[in-house]
file upload02.cif (mmCIF, C-alpha atoms)
data_start
loop_
_atom_site.group_PDB
_atom_site.id
_atom_site.type_symbol
_atom_site.label_atom_id
_atom_site.label_comp_id
_atom_site.auth_asym_id
_atom_site.auth_seq_id
_atom_site.Cartn_x
_atom_site.Cartn_y
_atom_site.Cartn_z
ATOM 1 C CA MET M 13 -46.204 -25.708 61.112
ATOM 2 C CA SER M 14 -43.362 -24.206 62.857
ATOM 3 C CA LYS M 15 -42.544 -20.595 62.306
ATOM 4 C CA ASN M 16 -39.060 -21.391 61.032
ATOM 5 C CA LEU M 17 -40.321 -23.847 58.385
ATOM 6 C CA LYS M 18 -42.963 -21.340 57.288
ATOM 7 C CA HIS M 19 -40.293 -18.701 56.725
ATOM 8 C CA ARG M 20 -38.212 -21.145 54.718
ATOM 9 C CA ILE M 21 -41.088 -22.010 52.430
ATOM 10 C CA ILE M 22 -41.899 -18.345 51.836
ATOM 11 C CA ALA M 23 -38.253 -17.540 51.130
ATOM 12 C CA GLY M 24 -37.984 -20.486 48.717
ATOM 13 C CA THR M 25 -41.159 -19.432 46.897
ATOM 14 C CA ILE M 26 -39.907 -15.855 46.547
ATOM 15 C CA GLY M 27 -36.533 -17.136 45.269
ATOM 16 C CA VAL M 28 -38.166 -19.344 42.627
ATOM 17 C CA ALA M 29 -40.451 -16.493 41.590
ATOM 18 C CA LEU M 30 -37.496 -14.169 41.193
ATOM 19 C CA LEU M 31 -35.724 -16.716 38.992
ATOM 20 C CA LEU M 32 -38.715 -17.470 36.775
ATOM 21 C CA VAL M 33 -40.195 -13.989 36.359
ATOM 22 C CA PRO M 34 -37.395 -12.526 34.193
ATOM 23 C CA THR M 35 -37.362 -15.634 31.998
ATOM 24 C CA ALA M 36 -41.098 -15.443 31.458
ATOM 25 C CA ALA M 37 -41.021 -11.694 30.911
ATOM 26 C CA PHE M 38 -38.395 -11.844 28.208
ATOM 27 C CA ALA M 39 -39.493 -15.042 26.513
ATOM 28 C CA GLY M 40 -41.566 -13.271 23.862
ATOM 29 C CA THR M 41 -39.102 -10.494 23.055
ATOM 30 C CA THR M 42 -36.276 -12.503 21.461
ATOM 31 C CA PRO M 43 -36.267 -11.930 17.726
ATOM 32 C CA ALA M 44 -36.799 -14.922 15.565
ATOM 33 C CA PRO M 45 -33.890 -15.666 13.217
ATOM 34 C CA THR M 46 -34.566 -14.279 9.772
ATOM 35 C CA LYS M 47 -33.744 -16.178 6.671
ATOM 36 C CA VAL M 48 -31.547 -14.504 4.098
ATOM 37 C CA SER M 49 -33.127 -14.502 0.698
ATOM 38 C CA ALA M 50 -31.379 -15.914 -2.361
ATOM 39 C CA ILE M 51 -31.305 -12.426 -3.881
ATOM 40 C CA ASP M 52 -29.465 -11.037 -0.858
ATOM 41 C CA ARG M 53 -26.967 -13.898 -0.962
ATOM 42 C CA ALA M 54 -26.376 -13.375 -4.686
ATOM 43 C CA ALA M 55 -25.933 -9.616 -4.191
ATOM 44 C CA HIS M 56 -23.465 -10.273 -1.371
ATOM 45 C CA LYS M 57 -21.549 -12.703 -3.563
ATOM 46 C CA VAL M 58 -21.309 -10.105 -6.363
ATOM 47 C CA ALA M 59 -20.218 -7.444 -3.872
ATOM 48 C CA LEU M 60 -17.644 -9.825 -2.394
ATOM 49 C CA ASP M 61 -16.232 -10.594 -5.851
ATOM 50 C CA ALA M 62 -16.026 -6.857 -6.625
ATOM 51 C CA TYR M 63 -14.290 -6.316 -3.282
ATOM 52 C CA ARG M 64 -11.729 -9.016 -4.043
ATOM 53 C CA VAL M 65 -10.971 -7.426 -7.431
ATOM 54 C CA ALA M 66 -10.667 -3.967 -5.851
ATOM 55 C CA LEU M 67 -8.439 -5.379 -3.108
ATOM 56 C CA LYS M 68 -6.141 -7.032 -5.666
ATOM 57 C CA VAL M 69 -5.898 -3.764 -7.650
ATOM 58 C CA TRP M 70 -5.161 -1.861 -4.425
ATOM 59 C CA GLN M 71 -2.449 -4.349 -3.413
ATOM 60 C CA ASP M 72 -0.828 -4.242 -6.869
ATOM 61 C CA THR M 73 -0.878 -0.433 -6.886
ATOM 62 C CA ARG M 74 0.568 -0.268 -3.382
ATOM 63 C CA ASN M 75 3.285 -2.811 -4.187
ATOM 64 C CA ALA M 76 4.253 -1.044 -7.436
ATOM 65 C CA ALA M 77 4.449 2.327 -5.675
ATOM 66 C CA GLN M 78 6.557 0.825 -2.888
ATOM 67 C CA ALA M 79 8.905 -0.858 -5.387
ATOM 68 C CA ALA M 80 9.344 2.413 -7.311
ATOM 69 C CA TYR M 81 10.008 4.268 -4.067
ATOM 70 C CA ASN M 82 12.576 1.683 -2.969
ATOM 71 C CA ALA M 83 14.364 1.907 -6.336
ATOM 72 C CA SER M 84 14.477 5.708 -6.200
ATOM 73 C CA LEU M 85 15.695 5.564 -2.589
ATOM 74 C CA ILE M 86 18.528 3.207 -3.569
ATOM 75 C CA ALA M 87 19.517 5.556 -6.423
ATOM 76 C CA PHE M 88 19.373 8.544 -4.052
ATOM 77 C CA ARG M 89 21.598 6.813 -1.492
ATOM 78 C CA ALA M 90 24.098 5.851 -4.211
ATOM 79 C CA THR M 91 24.220 9.487 -5.382
ATOM 80 C CA VAL M 92 24.791 10.734 -1.832
ATOM 81 C CA LYS M 93 27.514 8.144 -1.247
ATOM 82 C CA ALA M 94 29.266 9.057 -4.516
ATOM 83 C CA ASN M 95 29.063 12.746 -3.631
ATOM 84 C CA ASN M 96 30.493 12.148 -0.159
ATOM 85 C CA THR M 97 33.326 10.065 -1.616
ATOM 86 C CA SER M 98 34.131 12.820 -4.115
ATOM 87 C CA VAL M 99 34.150 15.459 -1.385
ATOM 88 C CA LYS M 100 36.494 13.304 0.720
ATOM 89 C CA GLU M 101 38.864 12.926 -2.248
ATOM 90 C CA ILE M 102 38.779 16.673 -2.895
ATOM 91 C CA ASP M 103 39.454 17.367 0.786
ATOM 92 C CA ALA M 104 42.361 14.887 0.786
ATOM 93 C CA THR M 105 43.877 16.623 -2.261
ATOM 94 C CA PHE M 106 43.406 20.008 -0.575
ATOM 95 C CA SER M 107 45.029 18.783 2.641
ATOM 96 C CA ALA M 108 47.968 17.357 0.679
ATOM 97 C CA ALA M 109 48.485 20.692 -1.132
ATOM 98 C CA VAL M 110 48.327 22.663 2.139
ATOM 99 C CA ASN M 111 50.746 20.243 3.824
ATOM 100 C CA ALA M 112 53.143 20.463 0.863
ATOM 101 C CA ALA M 113 53.089 24.274 1.098
ATOM 102 C CA LYS M 114 53.737 24.063 4.839
ATOM 103 C CA VAL M 115 56.661 21.664 4.349
ATOM 104 C CA ALA M 116 58.144 23.904 1.627
ATOM 105 C CA TYR M 117 57.806 26.911 3.910
ATOM 106 C CA ASN M 118 59.441 25.099 6.840
ATOM 107 C CA ARG M 119 62.373 23.994 4.643
ATOM 108 C CA ALA M 120 62.877 27.522 3.368
ATOM 109 C CA VAL M 121 63.002 29.103 6.832
ATOM 110 C CA GLN M 122 64.960 26.330 8.595
ATOM 111 C CA PRO M 123 68.473 27.588 7.986
ATOM 112 C CA VAL M 124 69.637 30.078 10.591
ATOM 113 C CA THR M 125 71.118 32.276 7.882
ATOM 114 C CA THR M 126 67.710 32.972 6.349
ATOM 115 C CA THR M 127 67.150 36.658 5.898
ATOM 116 C CA ALA M 128 63.930 38.446 6.686
ATOM 117 C CA VAL M 129 63.315 38.986 2.984
ATOM 118 C CA ALA M 130 63.783 35.260 2.209
ATOM 119 C CA HIS M 131 61.519 34.463 5.146
ATOM 120 C CA GLN M 132 58.822 36.810 3.806
ATOM 121 C CA VAL M 133 59.139 35.372 0.274
ATOM 122 C CA ALA M 134 58.661 31.830 1.657
ATOM 123 C CA LEU M 135 55.660 32.974 3.717
ATOM 124 C CA ASN M 136 54.107 34.680 0.681
ATOM 125 C CA ALA M 137 54.669 31.515 -1.368
ATOM 126 C CA ARG M 138 52.939 29.453 1.335
ATOM 127 C CA ILE M 139 49.981 31.847 1.507
ATOM 128 C CA ALA M 140 49.668 31.823 -2.303
ATOM 129 C CA ALA M 141 49.789 28.005 -2.401
ATOM 130 C CA VAL M 142 47.084 27.696 0.276
ATOM 131 C CA ALA M 143 44.908 30.289 -1.501
ATOM 132 C CA SER M 144 45.336 28.450 -4.803
ATOM 133 C CA ALA M 145 44.455 25.112 -3.177
ATOM 134 C CA THR M 146 41.391 26.698 -1.565
ATOM 135 C CA THR M 147 40.213 28.082 -4.910
ATOM 136 C CA ILE M 148 40.744 24.740 -6.641
ATOM 137 C CA ARG M 149 38.884 22.927 -3.833
ATOM 138 C CA ALA M 150 35.919 25.311 -4.010
ATOM 139 C CA ALA M 151 35.744 24.939 -7.801
ATOM 140 C CA ALA M 152 35.914 21.148 -7.570
ATOM 141 C CA ILE M 153 33.124 21.014 -4.983
ATOM 142 C CA ALA M 154 30.991 23.390 -7.064
ATOM 143 C CA ALA M 155 31.522 21.147 -10.109
ATOM 144 C CA LEU M 156 30.017 18.147 -8.343
ATOM 145 C CA PRO M 157 26.503 17.234 -9.492
ATOM 146 C CA THR M 158 23.720 18.489 -7.256
ATOM 147 C CA ILE M 159 21.900 15.979 -5.130
ATOM 148 C CA SER M 160 18.168 15.885 -5.665
ATOM 149 C CA ALA M 161 15.788 15.921 -2.727
ATOM 150 C CA LYS M 162 15.200 12.677 -0.883
ATOM 151 C CA PRO M 163 12.291 10.800 -2.458
ATOM 152 C CA VAL M 164 8.999 11.002 -0.615
ATOM 153 C CA ALA M 165 7.276 7.811 0.469
ATOM 154 C CA PRO M 166 4.317 6.988 -1.762
ATOM 155 C CA LYS M 167 0.813 7.864 -0.662
ATOM 156 C CA VAL M 168 -1.576 4.992 -1.238
ATOM 157 C CA ASP M 169 -5.348 5.222 -1.236
ATOM 158 C CA PRO M 170 -7.105 3.611 1.729
ATOM 159 C CA LYS M 171 -7.706 -0.115 1.626
ATOM 160 C CA PRO M 172 -11.127 -1.117 0.250
ATOM 161 C CA VAL M 173 -13.750 -2.129 2.788
ATOM 162 C CA ALA M 174 -15.221 -5.624 2.667
ATOM 163 C CA PRO M 175 -18.994 -5.846 2.134
ATOM 164 C CA VAL M 176 -21.144 -6.675 5.133
ATOM 165 C CA LYS M 177 -22.639 -10.148 5.130
ATOM 166 C CA PRO M 178 -26.437 -10.050 5.042
#
call {"tool": "encode", "arguments": {"input": "upload02.cif", "output": "structure tokens"}}
result
Amino acid sequence: MSKNLKHRIIAGTIGVALLLVPTAAFAGTTPAPTKVSAIDRAAHKVALDAYRVALKVWQDTRNAAQAAYNASLIAFRATVKANNTSVKEIDATFSAAVNAAKVAYNRAVQPVTTTAVAHQVALNARIAAVASATTIRAAAIAALPTISAKPVAPKVDPKPVAPVKP
């Protein structure tokens, strides 16, 4: 035999041995599939039914809490919107009163023949009108109903865990 052919045969034998040795070594270590007993299957079925009931209760509780939260959030937003609208109306009334006092003051001091005393009387009237409007505005804002705190999102218990299949 030639030297080259001899080396090829040895290399082929070593290659086959390397392929077959791990298979033979691990052939006996694979676990045999175990059969699940009828008792284990029945217990799993009972646990699965209990899980489904617990899951349905959890979902209903979560949905009810979320619906209540959404309703309270809608009521809160409506209260805030009503309050903001009221404040805007109060501010508009205040601005109208201040502008009316300013216009009255300007009309009183427009003529060139206005004396210093008449000028001071008109200025005092304007200051008194603005002070009165400010007091009325503050009282109206204080009379508005207080806004409660924003509702807190509901805290729901963790979702139940499904039983492990035997």
call {"tool": "resolve_selection", "arguments": {"input": "upload02.cif", "expression": "the PyMOL selection byres ((chain M and resi 87-95) around 12)", "output": "VMD selection string"}}
result
chain M and resid 80 to 86 96 to 102 152 to 164
call {"tool": "atom_distance", "arguments": {"input": "upload02.cif", "atom1": "CA of Thr146 in chain M", "atom2": "CA of Ala112 in chain M"}}
result
13.5 Å
call {"tool": "resolve_selection", "arguments": {"input": "upload02.cif", "expression": "the PyMOL selection byres ((chain M and resi 142) around 10)", "output": "PyMOL selection string"}}
result
chain M and resi 106-107+109-114+136-141+143-148
call {"tool": "closest_residue", "arguments": {"input": "upload02.cif", "among": "M:Ala128, M:Ala174, M:Ala150, M:Ile22", "to": "Tyr63 in chain M", "atoms": "only C-alpha atoms"}}
result
M:Ala174
call {"tool": "atom_distance", "arguments": {"input": "upload02.cif", "atom1": "CA of Val65 in chain M", "atom2": "CA of Pro172 in chain M"}}
result
9.9 Å
call {"tool": "residues_near_point", "arguments": {"input": "upload02.cif", "point": "(60.6, 27.5, 2.5)", "cutoff": "9 Å", "atoms": "only C-alpha atoms", "output": "PDB file with C-alpha atoms, in the frame of the given file"}}
result
ATOM      1  CA  ALA M 113      53.089  24.274   1.098  1.00  0.00           C
ATOM      2  CA  LYS M 114      53.737  24.063   4.839  1.00  0.00           C
ATOM      3  CA  VAL M 115      56.661  21.664   4.349  1.00  0.00           C
ATOM      4  CA  ALA M 116      58.144  23.904   1.627  1.00  0.00           C
ATOM      5  CA  TYR M 117      57.806  26.911   3.910  1.00  0.00           C
ATOM      6  CA  ASN M 118      59.441  25.099   6.840  1.00  0.00           C
ATOM      7  CA  ARG M 119      62.373  23.994   4.643  1.00  0.00           C
ATOM      8  CA  ALA M 120      62.877  27.522   3.368  1.00  0.00           C
ATOM      9  CA  VAL M 121      63.002  29.103   6.832  1.00  0.00           C
ATOM     10  CA  GLN M 122      64.960  26.330   8.595  1.00  0.00           C
ATOM     11  CA  ALA M 130      63.783  35.260   2.209  1.00  0.00           C
ATOM     12  CA  HIS M 131      61.519  34.463   5.146  1.00  0.00           C
ATOM     13  CA  VAL M 133      59.139  35.372   0.274  1.00  0.00           C
ATOM     14  CA  ALA M 134      58.661  31.830   1.657  1.00  0.00           C
ATOM     15  CA  LEU M 135      55.660  32.974   3.717  1.00  0.00           C
ATOM     16  CA  ALA M 137      54.669  31.515  -1.368  1.00  0.00           C
ATOM     17  CA  ARG M 138      52.939  29.453   1.335  1.00  0.00           C
TER      18      ARG M 138
END
